[in-house]
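**Q** Supplied structure: final_25.cif, mmCIF, C-alpha atoms.
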data_query
#
loop_
_atom_site.group_PDB
_atom_site.id
_atom_site.type_symbol
_atom_site.label_atom_id
_atom_site.label_comp_id
_atom_site.auth_asym_id
_atom_site.auth_seq_id
_atom_site.Cartn_x
_atom_site.Cartn_y
_atom_site.Cartn_z
ATOM 1 C CA MET A 1 -6.771 -19.546 10.826
ATOM 2 C CA LYS A 2 -3.906 -20.243 13.196
ATOM 3 C CA MET A 3 -1.369 -19.973 10.429
ATOM 4 C CA HIS A 4 -2.667 -16.547 9.479
ATOM 5 C CA LYS A 5 -2.146 -15.312 13.014
ATOM 6 C CA TRP A 6 1.391 -16.630 13.118
ATOM 7 C CA LEU A 7 2.122 -14.957 9.812
ATOM 8 C CA LEU A 8 0.875 -11.625 11.112
ATOM 9 C CA VAL A 9 2.894 -11.929 14.312
ATOM 10 C CA LEU A 10 5.952 -12.623 12.197
ATOM 11 C CA LEU A 11 5.286 -9.563 10.034
ATOM 12 C CA LEU A 12 4.792 -7.447 13.128
ATOM 13 C CA THR A 13 8.046 -8.468 14.750
ATOM 14 C CA TRP A 14 9.765 -7.779 11.461
ATOM 15 C CA ALA A 15 8.337 -4.275 11.301
ATOM 16 C CA ALA A 16 9.037 -3.646 14.979
ATOM 17 C CA GLY A 17 12.586 -4.930 14.660
ATOM 18 C CA PHE A 18 13.256 -2.373 11.970
ATOM 19 C CA SER A 19 11.427 0.526 13.554
ATOM 20 C CA VAL A 20 12.554 0.348 17.184
ATOM 21 C CA PRO A 21 16.304 0.781 16.700
ATOM 22 C CA ALA A 22 15.495 3.314 13.984
ATOM 23 C CA SER A 23 13.438 5.510 16.284
ATOM 24 C CA ALA A 24 16.065 5.197 19.004
ATOM 25 C CA GLN A 25 18.590 6.582 16.576
ATOM 26 C CA THR A 26 16.270 9.434 15.683
ATOM 27 C CA GLY A 27 16.314 10.546 19.319
ATOM 28 C CA SER A 28 20.080 10.801 19.433
ATOM 29 C CA GLU A 29 20.124 12.684 16.153
ATOM 30 C CA ALA A 30 17.554 15.209 17.309
ATOM 31 C CA THR A 31 20.050 17.463 19.084
ATOM 32 C CA SER A 32 22.334 17.740 16.108
ATOM 33 C CA THR A 33 19.493 18.578 13.714
ATOM 34 C CA VAL A 34 18.408 21.546 15.839
ATOM 35 C CA GLU A 35 21.828 23.085 15.442
ATOM 36 C CA PHE A 36 21.780 22.315 11.771
ATOM 37 C CA SER A 37 18.453 23.994 11.124
ATOM 38 C CA SER A 38 19.572 27.248 12.729
ATOM 39 C CA GLN A 39 22.310 27.447 10.148
ATOM 40 C CA ALA A 40 20.064 26.383 7.330
ATOM 41 C CA GLN A 41 19.368 29.874 6.053
ATOM 42 C CA THR A 42 23.020 30.806 5.708
ATOM 43 C CA ALA A 43 24.393 27.509 4.478
ATOM 44 C CA SER A 44 23.485 26.521 0.940
ATOM 45 C CA SER A 45 21.808 23.268 1.962
ATOM 46 C CA PRO A 46 18.566 22.243 0.239
ATOM 47 C CA GLU A 47 15.703 24.221 1.662
ATOM 48 C CA MET A 48 13.285 22.358 3.877
ATOM 49 C CA ALA A 49 10.151 23.436 5.669
ATOM 50 C CA ASP A 50 11.822 24.005 9.014
ATOM 51 C CA VAL A 51 10.025 27.227 9.778
ATOM 52 C CA MET A 52 6.843 25.868 8.309
ATOM 53 C CA ARG A 53 6.751 23.066 10.796
ATOM 54 C CA ARG A 54 7.231 25.406 13.703
ATOM 55 C CA ASP A 55 4.744 28.140 12.906
ATOM 56 C CA GLY A 56 3.807 27.645 9.268
ATOM 57 C CA LYS A 57 0.590 25.800 10.123
ATOM 58 C CA ILE A 58 1.790 22.341 9.105
ATOM 59 C CA TYR A 59 -0.151 21.008 12.089
ATOM 60 C CA ILE A 60 -3.325 22.095 10.314
ATOM 61 C CA VAL A 61 -2.408 19.913 7.349
ATOM 62 C CA VAL A 62 -1.808 17.028 9.743
ATOM 63 C CA ALA A 63 -5.199 17.671 11.328
ATOM 64 C CA VAL A 64 -6.893 17.644 7.921
ATOM 65 C CA LEU A 65 -5.157 14.422 6.915
ATOM 66 C CA VAL A 66 -6.058 12.765 10.209
ATOM 67 C CA SER A 67 -9.693 13.852 9.806
ATOM 68 C CA ILE A 68 -9.923 12.398 6.308
ATOM 69 C CA LEU A 69 -8.249 9.183 7.429
ATOM 70 C CA LEU A 70 -10.544 8.874 10.442
ATOM 71 C CA GLY A 71 -13.563 9.555 8.251
ATOM 72 C CA VAL A 72 -12.614 6.791 5.819
ATOM 73 C CA LEU A 73 -11.820 4.401 8.675
ATOM 74 C CA PHE A 74 -15.136 5.088 10.427
ATOM 75 C CA TYR A 75 -16.892 4.461 7.130
ATOM 76 C CA LEU A 76 -15.092 1.114 6.846
ATOM 77 C CA ILE A 77 -15.996 0.232 10.433
ATOM 78 C CA SER A 78 -19.672 1.009 9.846
ATOM 79 C CA LEU A 79 -19.627 -1.102 6.669
ATOM 80 C CA ASP A 80 -17.989 -3.879 8.668
ATOM 81 C CA LYS A 81 -20.767 -3.717 11.258
ATOM 82 C CA LYS A 82 -23.541 -3.652 8.656
ATOM 83 C CA ILE A 83 -22.145 -6.721 6.913
ATOM 84 C CA GLY A 84 -21.737 -8.435 10.289
ATOM 85 C CA ARG A 85 -25.381 -7.746 11.115
ATOM 86 C CA LEU A 86 -26.509 -9.172 7.749
ATOM 87 C CA GLU A 87 -24.411 -12.289 8.325
ATOM 88 C CA ARG A 88 -26.051 -12.826 11.700
ATOM 89 C CA GLU A 89 -29.510 -12.323 10.215
ATOM 90 C CA LEU A 90 -28.904 -14.786 7.407
ATOM 91 C CA ARG A 91 -27.617 -17.386 9.830
ATOM 92 C CA GLN A 92 -30.893 -17.326 11.777
ATOM 93 C CA MET B 93 -16.282 -1.157 19.342
ATOM 94 C CA ARG B 94 -15.737 -4.853 18.776
ATOM 95 C CA LEU B 95 -13.124 -5.042 16.054
ATOM 96 C CA SER B 96 -10.469 -7.674 15.399
ATOM 97 C CA TRP B 97 -7.067 -6.748 16.754
ATOM 98 C CA TRP B 98 -5.564 -6.406 13.294
ATOM 99 C CA LYS B 99 -8.170 -3.806 12.362
ATOM 100 C CA TRP B 100 -7.201 -1.755 15.408
ATOM 101 C CA LEU B 101 -3.601 -2.212 14.335
ATOM 102 C CA THR B 102 -4.444 -0.878 10.857
ATOM 103 C CA ILE B 103 -6.000 2.258 12.362
ATOM 104 C CA LEU B 104 -3.043 2.769 14.687
ATOM 105 C CA LEU B 105 -0.404 2.295 11.984
ATOM 106 C CA LEU B 106 -2.128 4.629 9.525
ATOM 107 C CA LEU B 107 -2.541 7.371 12.113
ATOM 108 C CA TYR B 108 1.133 6.947 13.028
ATOM 109 C CA THR B 109 2.070 7.170 9.340
ATOM 110 C CA VAL B 110 0.184 10.404 8.750
ATOM 111 C CA VAL B 111 1.186 12.188 11.968
ATOM 112 C CA VAL B 112 4.797 11.068 12.337
ATOM 113 C CA GLY B 113 5.305 10.945 8.572
ATOM 114 C CA MET B 114 4.436 14.629 8.291
ATOM 115 C CA LEU B 115 6.183 15.909 11.399
ATOM 116 C CA SER B 116 9.362 13.843 11.759
ATOM 117 C CA GLU B 117 12.757 14.958 10.496
ATOM 118 C CA VAL B 118 13.684 13.692 7.037
ATOM 119 C CA PRO B 119 16.996 13.766 5.150
ATOM 120 C CA ARG B 120 17.707 17.012 3.326
ATOM 121 C CA LEU B 121 18.058 16.118 -0.329
ATOM 122 C CA ALA B 122 18.243 18.419 -3.311
ATOM 123 C CA ILE B 123 15.290 18.384 -5.767
ATOM 124 C CA LEU B 124 13.327 16.001 -3.533
ATOM 125 C CA ASN B 125 13.106 18.400 -0.564
ATOM 126 C CA GLU B 126 10.004 17.634 1.504
ATOM 127 C CA THR B 127 8.542 15.389 -1.201
ATOM 128 C CA ILE B 128 10.680 12.598 0.259
ATOM 129 C CA ARG B 129 7.686 12.116 2.563
ATOM 130 C CA ASN B 130 5.832 10.630 -0.416
ATOM 131 C CA LEU B 131 7.870 7.541 0.421
ATOM 132 C CA TYR B 132 5.295 6.871 3.168
ATOM 133 C CA PHE B 133 2.343 7.053 0.788
ATOM 134 C CA HIS B 134 3.352 6.354 -2.813
ATOM 135 C CA VAL B 135 5.652 3.370 -2.251
ATOM 136 C CA PRO B 136 3.337 1.502 0.187
ATOM 137 C CA MET B 137 0.679 1.515 -2.563
ATOM 138 C CA TRP B 138 2.954 -0.714 -4.670
ATOM 139 C CA PHE B 139 4.016 -2.890 -1.757
ATOM 140 C CA GLY B 140 0.363 -3.276 -0.796
ATOM 141 C CA MET B 141 -0.593 -4.042 -4.384
ATOM 142 C CA ILE B 142 1.988 -6.832 -4.629
ATOM 143 C CA VAL B 143 0.910 -8.418 -1.339
ATOM 144 C CA ILE B 144 -2.804 -8.243 -2.204
ATOM 145 C CA LEU B 145 -2.248 -9.563 -5.722
ATOM 146 C CA LEU B 146 -0.223 -12.389 -4.188
ATOM 147 C CA VAL B 147 -3.228 -13.212 -1.992
ATOM 148 C CA SER B 148 -5.338 -13.172 -5.150
ATOM 149 C CA VAL B 149 -3.076 -15.568 -7.028
ATOM 150 C CA VAL B 150 -2.848 -17.917 -4.020
ATOM 151 C CA TYR B 151 -6.645 -18.154 -3.910
ATOM 152 C CA SER B 152 -6.760 -18.647 -7.678
ATOM 153 C CA ILE B 153 -4.448 -21.648 -7.290
ATOM 154 C CA LYS B 154 -6.563 -22.838 -4.372
ATOM 155 C CA TYR B 155 -9.656 -22.571 -6.556
ATOM 156 C CA LEU B 156 -8.070 -24.666 -9.296
ATOM 157 C CA ARG B 157 -7.226 -27.357 -6.740
ATOM 158 C CA ASN B 158 -10.532 -27.116 -4.923
ATOM 159 C CA PRO B 159 -13.301 -25.289 -6.818
ATOM 160 C CA LEU B 160 -15.132 -23.654 -3.911
ATOM 161 C CA SER B 161 -16.861 -20.430 -4.866
ATOM 162 C CA ARG B 162 -15.364 -18.804 -1.761
ATOM 163 C CA ASN B 163 -11.855 -19.237 -3.183
ATOM 164 C CA ASP B 164 -12.940 -17.615 -6.434
ATOM 165 C CA ILE B 165 -14.582 -14.710 -4.622
ATOM 166 C CA ILE B 166 -11.460 -13.958 -2.566
ATOM 167 C CA ALA B 167 -9.243 -14.155 -5.663
ATOM 168 C CA TYR B 168 -11.491 -11.766 -7.601
ATOM 169 C CA GLU B 169 -12.024 -9.237 -4.812
ATOM 170 C CA ALA B 170 -8.309 -9.228 -3.926
ATOM 171 C CA ALA B 171 -7.412 -8.638 -7.585
ATOM 172 C CA LYS B 172 -9.779 -5.659 -7.707
ATOM 173 C CA VAL B 173 -8.336 -4.093 -4.545
ATOM 174 C CA GLY B 174 -4.806 -4.783 -5.838
ATOM 175 C CA ILE B 175 -5.660 -2.977 -9.074
ATOM 176 C CA LEU B 176 -7.064 -0.047 -7.071
ATOM 177 C CA PHE B 177 -3.768 0.190 -5.170
ATOM 178 C CA GLY B 178 -1.854 0.035 -8.434
ATOM 179 C CA VAL B 179 -3.924 2.831 -9.986
ATOM 180 C CA LEU B 180 -3.398 4.959 -6.876
ATOM 181 C CA GLY B 181 0.317 4.148 -7.072
ATOM 182 C CA ILE B 182 0.560 5.285 -10.674
ATOM 183 C CA ILE B 183 -1.415 8.497 -10.035
ATOM 184 C CA THR B 184 0.625 9.436 -6.946
ATOM 185 C CA GLY B 185 3.792 8.562 -8.853
ATOM 186 C CA MET B 186 2.831 10.883 -11.703
ATOM 187 C CA GLU B 187 2.090 13.714 -9.294
ATOM 188 C CA TRP B 188 5.427 13.203 -7.586
ATOM 189 C CA ALA B 189 7.280 12.892 -10.914
ATOM 190 C CA ARG B 190 5.853 16.177 -12.257
ATOM 191 C CA PHE B 191 7.637 18.153 -9.553
ATOM 192 C CA THR B 192 10.860 16.170 -9.248
ATOM 193 C CA TRP B 193 11.542 14.689 -12.677
ATOM 194 C CA GLY B 194 9.784 17.501 -14.551
ATOM 195 C CA GLU B 195 7.095 15.530 -16.366
ATOM 196 C CA PHE B 196 4.034 13.562 -15.326
ATOM 197 C CA TRP B 197 5.165 10.806 -17.643
ATOM 198 C CA SER B 198 8.781 10.639 -18.747
ATOM 199 C CA ASN B 199 8.667 7.115 -20.187
ATOM 200 C CA ASP B 200 10.728 5.861 -17.307
ATOM 201 C CA PRO B 201 11.167 2.072 -17.640
ATOM 202 C CA LYS B 202 9.437 1.441 -14.339
ATOM 203 C CA GLN B 203 6.568 3.789 -15.196
ATOM 204 C CA ASN B 204 6.032 2.033 -18.518
ATOM 205 C CA ALA B 205 6.358 -1.418 -16.997
ATOM 206 C CA SER B 206 3.847 -0.693 -14.239
ATOM 207 C CA ALA B 207 1.407 0.709 -16.811
ATOM 208 C CA ILE B 208 1.732 -2.509 -18.845
ATOM 209 C CA GLY B 209 1.266 -4.549 -15.674
ATOM 210 C CA LEU B 210 -1.921 -2.691 -14.850
ATOM 211 C CA LEU B 211 -3.225 -3.173 -18.396
ATOM 212 C CA ILE B 212 -2.657 -6.933 -18.009
ATOM 213 C CA TYR B 213 -4.791 -6.820 -14.864
ATOM 214 C CA PHE B 214 -7.498 -4.693 -16.542
ATOM 215 C CA ALA B 215 -7.684 -7.471 -19.124
ATOM 216 C CA TYR B 216 -8.322 -9.896 -16.242
ATOM 217 C CA LEU B 217 -11.444 -7.951 -15.278
ATOM 218 C CA ILE B 218 -12.657 -7.851 -18.874
ATOM 219 C CA LEU B 219 -11.926 -11.550 -19.402
ATOM 220 C CA ARG B 220 -13.930 -12.486 -16.312
ATOM 221 C CA GLY B 221 -16.794 -10.266 -17.341
ATOM 222 C CA SER B 222 -17.072 -11.934 -20.722
ATOM 223 C CA PHE B 223 -18.245 -15.333 -19.427
ATOM 224 C CA GLN B 224 -21.846 -16.110 -18.564
ATOM 225 C CA ASP B 225 -21.135 -19.434 -16.939
ATOM 226 C CA HIS B 226 -19.937 -19.064 -13.334
ATOM 227 C CA GLN B 227 -17.614 -22.064 -13.280
ATOM 228 C CA GLN B 228 -16.065 -21.239 -16.635
ATOM 229 C CA ARG B 229 -15.540 -17.639 -15.522
ATOM 230 C CA ALA B 230 -13.919 -18.710 -12.268
ATOM 231 C CA ARG B 231 -11.668 -21.353 -13.843
ATOM 232 C CA ILE B 232 -10.418 -19.311 -16.798
ATOM 233 C CA GLY B 233 -10.082 -16.239 -14.562
ATOM 234 C CA ALA B 234 -7.938 -18.226 -12.130
ATOM 235 C CA VAL B 235 -5.648 -19.484 -14.885
ATOM 236 C CA TYR B 236 -5.281 -15.998 -16.361
ATOM 237 C CA ASN B 237 -4.604 -14.544 -12.896
ATOM 238 C CA ILE B 238 -1.607 -16.857 -12.465
ATOM 239 C CA PHE B 239 -0.172 -15.730 -15.803
ATOM 240 C CA ALA B 240 -0.856 -12.078 -14.981
ATOM 241 C CA PHE B 241 1.026 -12.297 -11.686
ATOM 242 C CA ALA B 242 3.882 -14.150 -13.319
ATOM 243 C CA ALA B 243 4.147 -11.348 -15.887
ATOM 244 C CA LEU B 244 3.924 -8.588 -13.277
ATOM 245 C CA ILE B 245 6.967 -9.673 -11.247
ATOM 246 C CA PRO B 246 9.563 -9.318 -14.041
ATOM 247 C CA LEU B 247 7.818 -6.157 -15.271
ATOM 248 C CA LEU B 248 8.190 -4.416 -11.923
ATOM 249 C CA PHE B 249 11.258 -5.962 -10.354
ATOM 250 C CA ILE B 250 13.555 -7.259 -13.074
ATOM 251 C CA LEU B 251 13.160 -5.405 -16.388
ATOM 252 C CA PRO B 252 13.471 -1.837 -14.970
ATOM 253 C CA ARG B 253 16.711 -2.831 -13.232
ATOM 254 C CA LEU B 254 18.337 -3.831 -16.493
ATOM 255 C CA THR B 255 18.296 -0.298 -17.895
ATOM 256 C CA ASP B 256 18.728 3.184 -16.516
ATOM 257 C CA SER B 257 15.713 4.433 -14.662
ATOM 258 C CA LEU B 258 14.793 7.577 -12.784
ATOM 259 C CA HIS B 259 13.425 5.411 -10.004
ATOM 260 C CA PRO B 260 15.890 4.820 -7.184
ATOM 261 C CA GLY B 261 17.225 1.310 -6.945
ATOM 262 C CA ASN B 262 17.285 0.769 -10.697
ATOM 263 C CA GLY B 263 19.998 0.812 -13.327
ATOM 264 C CA GLY B 264 22.023 -1.817 -11.542
ATOM 265 C CA ASN B 265 21.641 -0.456 -8.031
ATOM 266 C CA PRO B 266 20.193 -2.523 -5.230
ATOM 267 C CA GLY B 267 16.739 -1.575 -3.800
ATOM 268 C CA PHE B 268 16.391 1.985 -2.582
ATOM 269 C CA ASN B 269 19.910 2.167 -1.384
ATOM 270 C CA ALA B 270 20.320 5.885 -0.791
ATOM 271 C CA TYR B 271 17.375 6.044 1.567
ATOM 272 C CA ASP B 272 17.772 2.634 3.093
ATOM 273 C CA LEU B 273 20.678 3.954 5.075
ATOM 274 C CA ASP B 274 18.501 6.510 6.748
ATOM 275 C CA SER B 275 16.877 5.161 9.890
ATOM 276 C CA ARG B 276 14.509 8.128 10.201
ATOM 277 C CA LEU B 277 12.763 7.127 6.980
ATOM 278 C CA ARG B 278 12.667 3.472 7.950
ATOM 279 C CA ALA B 279 10.967 4.266 11.261
ATOM 280 C CA VAL B 280 7.891 5.455 9.351
ATOM 281 C CA PHE B 281 8.253 3.553 6.088
ATOM 282 C CA TYR B 282 7.908 0.010 7.418
ATOM 283 C CA PRO B 283 4.885 0.762 9.628
ATOM 284 C CA ALA B 284 3.379 2.648 6.663
ATOM 285 C CA VAL B 285 3.759 -0.366 4.355
ATOM 286 C CA LEU B 286 2.171 -2.648 6.943
ATOM 287 C CA GLY B 287 -0.641 -0.167 7.659
ATOM 288 C CA TRP B 288 -1.621 0.481 4.039
ATOM 289 C CA THR B 289 -1.392 -3.224 3.191
ATOM 290 C CA LEU B 290 -3.637 -4.103 6.131
ATOM 291 C CA LEU B 291 -6.124 -1.452 4.955
ATOM 292 C CA GLY B 292 -6.277 -3.253 1.606
ATOM 293 C CA VAL B 293 -6.725 -6.602 3.356
ATOM 294 C CA TRP B 294 -9.561 -5.056 5.371
ATOM 295 C CA VAL B 295 -11.356 -3.960 2.207
ATOM 296 C CA VAL B 296 -10.852 -7.402 0.641
ATOM 297 C CA HIS B 297 -12.237 -8.989 3.824
ATOM 298 C CA LEU B 298 -15.361 -6.785 3.684
ATOM 299 C CA ARG B 299 -16.010 -7.257 -0.020
ATOM 300 C CA THR B 300 -15.560 -11.025 0.251
ATOM 301 C CA ARG B 301 -18.093 -11.237 3.081
ATOM 302 C CA LEU B 302 -20.514 -9.098 1.084
ATOM 303 C CA GLU B 303 -20.168 -11.318 -2.003
ATOM 304 C CA VAL B 304 -20.611 -14.502 0.047
ATOM 305 C CA LEU B 305 -23.741 -12.985 1.599
ATOM 306 C CA LYS B 306 -25.081 -12.036 -1.824
ATOM 307 C CA GLN B 307 -24.605 -15.554 -3.153
ATOM 308 C CA ARG B 308 -26.291 -17.114 -0.140
ATOM 309 C CA PHE B 309 -29.137 -14.654 -0.429
ATOM 310 C CA TYR B 310 -29.789 -15.583 -4.071
ATOM 311 C CA GLU B 311 -29.565 -19.285 -3.249
ATOM 312 C CA ASN B 312 -32.271 -18.884 -0.617
ATOM 313 C CA ALA B 313 -34.455 -16.559 -2.660
#
Can you dump the structure from the file as structure tokens?
**A**
Amino acid sequence: MKMHKWLLVLLLTWAAGFSVPASAQTGSEATSTVEFSSQAQTASSPEMADVMRRDGKIYIVVAVLVSILLGVLFYLISLDKKIGRLERELRQ
Amino acid sequence: MRLSWWKWLTILLLLYTVVVGMLSEVPRLAILNETIRNLYFHVPMWFGMIVILLVSVVYSIKYLRNPLSRNDIIAYEAAKVGILFGVLGIITGMEWARFTWGEFWSNDPKQNASAIGLLIYFAYLILRGSFQDHQQRARIGAVYNIFAFAALIPLLFILPRLTDSLHPGNGGNPGFNAYDLDSRLRAVFYPAVLGWTLLGVWVVHLRTRLEVLKQRFYENA
């Protein structure tokens, strides 16, 4: 049991070590990307959903995805609880 | 709610993946366009599959050393969840391929190899199902599982790299090189891999407990 916890902590620090400097870099890049997107229409760069993210209702897609994810997770949690209750009953 | 900390972590990481994965800036690449975001959903299926199948093979080896039925149950349930992740990986890959490579199935070496790998694992399920005797089923299943995992690694990680492939990181290139440089993708990709893998571990955890309960119930009845 203890080894499992150590393994998870190790995995976590690994993921955090990669993500933290990465997100810090994203912040510094943010200003330059704003300028870039204003020129996006004129320049022949690959088209991306810049406008879509601002007012093209992408947030609705995010809301739908989050709802589905939460629904599945709540289902898992309720299953978890039901199995836990059965385990307790069988132990008695 | 009283949940283990790693289950809370799973929920947190998956919510982060969906929200930040959809809204954050991504590199502007021709052909791929916004589909680059599939990196947060398609690729973690395969990473998760490998980790969960590794759990399965570890418990198969454990069973062969110490034939507890709990070891066999974990190996079997983990293999099933691993296969589910693999099937989801192949379906999402086909959807992605249709709109970037042009075809659902273009006989890409990695596509073919992962299909063969999955077939090997389907055979594991059939093999297990064909034994009446519990101990025989568990023992032969465990041995087969070791061979299946040993076949899967070269199929997914070595053979596709020896030829040209549409998948990034193949045809002599190191792992997904072009994207690896981009820190914006990494900031979501690594949490996504951890989150989806933990979700699989959660399902394995639940199914194992259910199976153990079932066995104890029939012993008492």
**Q** How far is it from CA of Ser161 in chain B to CA of Val179 in chain B, in Å with one decimal?
**A**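 Pair CA of Ser161 in chain B / CA of Val179 in chain B returns 27.1 Å.
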**Q** Using all atoms listed in the file, find which residues of chain B lie within 8 Å of chain A and jot them down as a list in words.
**A**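 Residues passing the distance filter: Ile103, Leu106, Leu107, Val110, Val111, Met114, Leu115, Arg120, Leu121, Ala122, Ile123, Asn125, Glu126, Ser275, Arg276, Arg278, Ala279, Val280, Tyr282, Pro283, Leu286, Val295, Leu298, Arg301, Leu302, Leu305 and Phe309 of chain B.
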**Q** Report as a PyMOL selection string the residues that result from applying the PyMOL selection byres ((chain B and resi 291) around 10) to the structure here.
**A** (chain A and resi 73+76) or (chain B and resi 98-99+101-103+105-106+140+285-290+292-297)
**Q** Please return, as a ChimeraX atom specification, all polymer residues that have at least one atom within 7 Å of the point (-0.2, -7.7, -18.6); use all atoms listed in the file and the file's own coordinate frame.
**A** /B:208-213,240,243-244
**Q** Apply the PyMOL selection byres ((chain B and resi 238) around 12) to the file shown and report the selected residues as a PyMOL selection string.
**A** chain B and resi 145-156+167+171+212-213+216+231-237+239-245
**Q** Could you state the separation of CA of Arg220 in chain B and CA of Val173 in chain B in Å, given to one decimal place?
**A**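 CA of Val173 in chain B lies 15.5 Å from CA of Arg220 in chain B.
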**Q** Could you state the separation of CA of Met137 in chain B and CA of Lys57 in chain A in Å, given to one decimal place?
**A**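 Computing the Euclidean distance for CA of Met137 in chain B and CA of Lys57 in chain A yields 27.4 Å.
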**Q** Which residues are close to Leu251 in chain B, i.e. within 10 Å by all atoms listed in the file, leaving aside same-chain residues fewer than 2 positions away? Reply as a PyMOL selection string.
**A** chain B and resi 201-202+205+245-249+253-255+262-263
**Q** Can you give me, as a list in words, the residues this file yields under the PyMOL selection byres ((chain B and resi 184-200) around 7)?
**A** Ile123, Leu124, His134, Leu180, Gly181, Ile182, Ile183, Pro201, Lys202, Gln203, Asn204, Ser257 and Leu258 of chain B
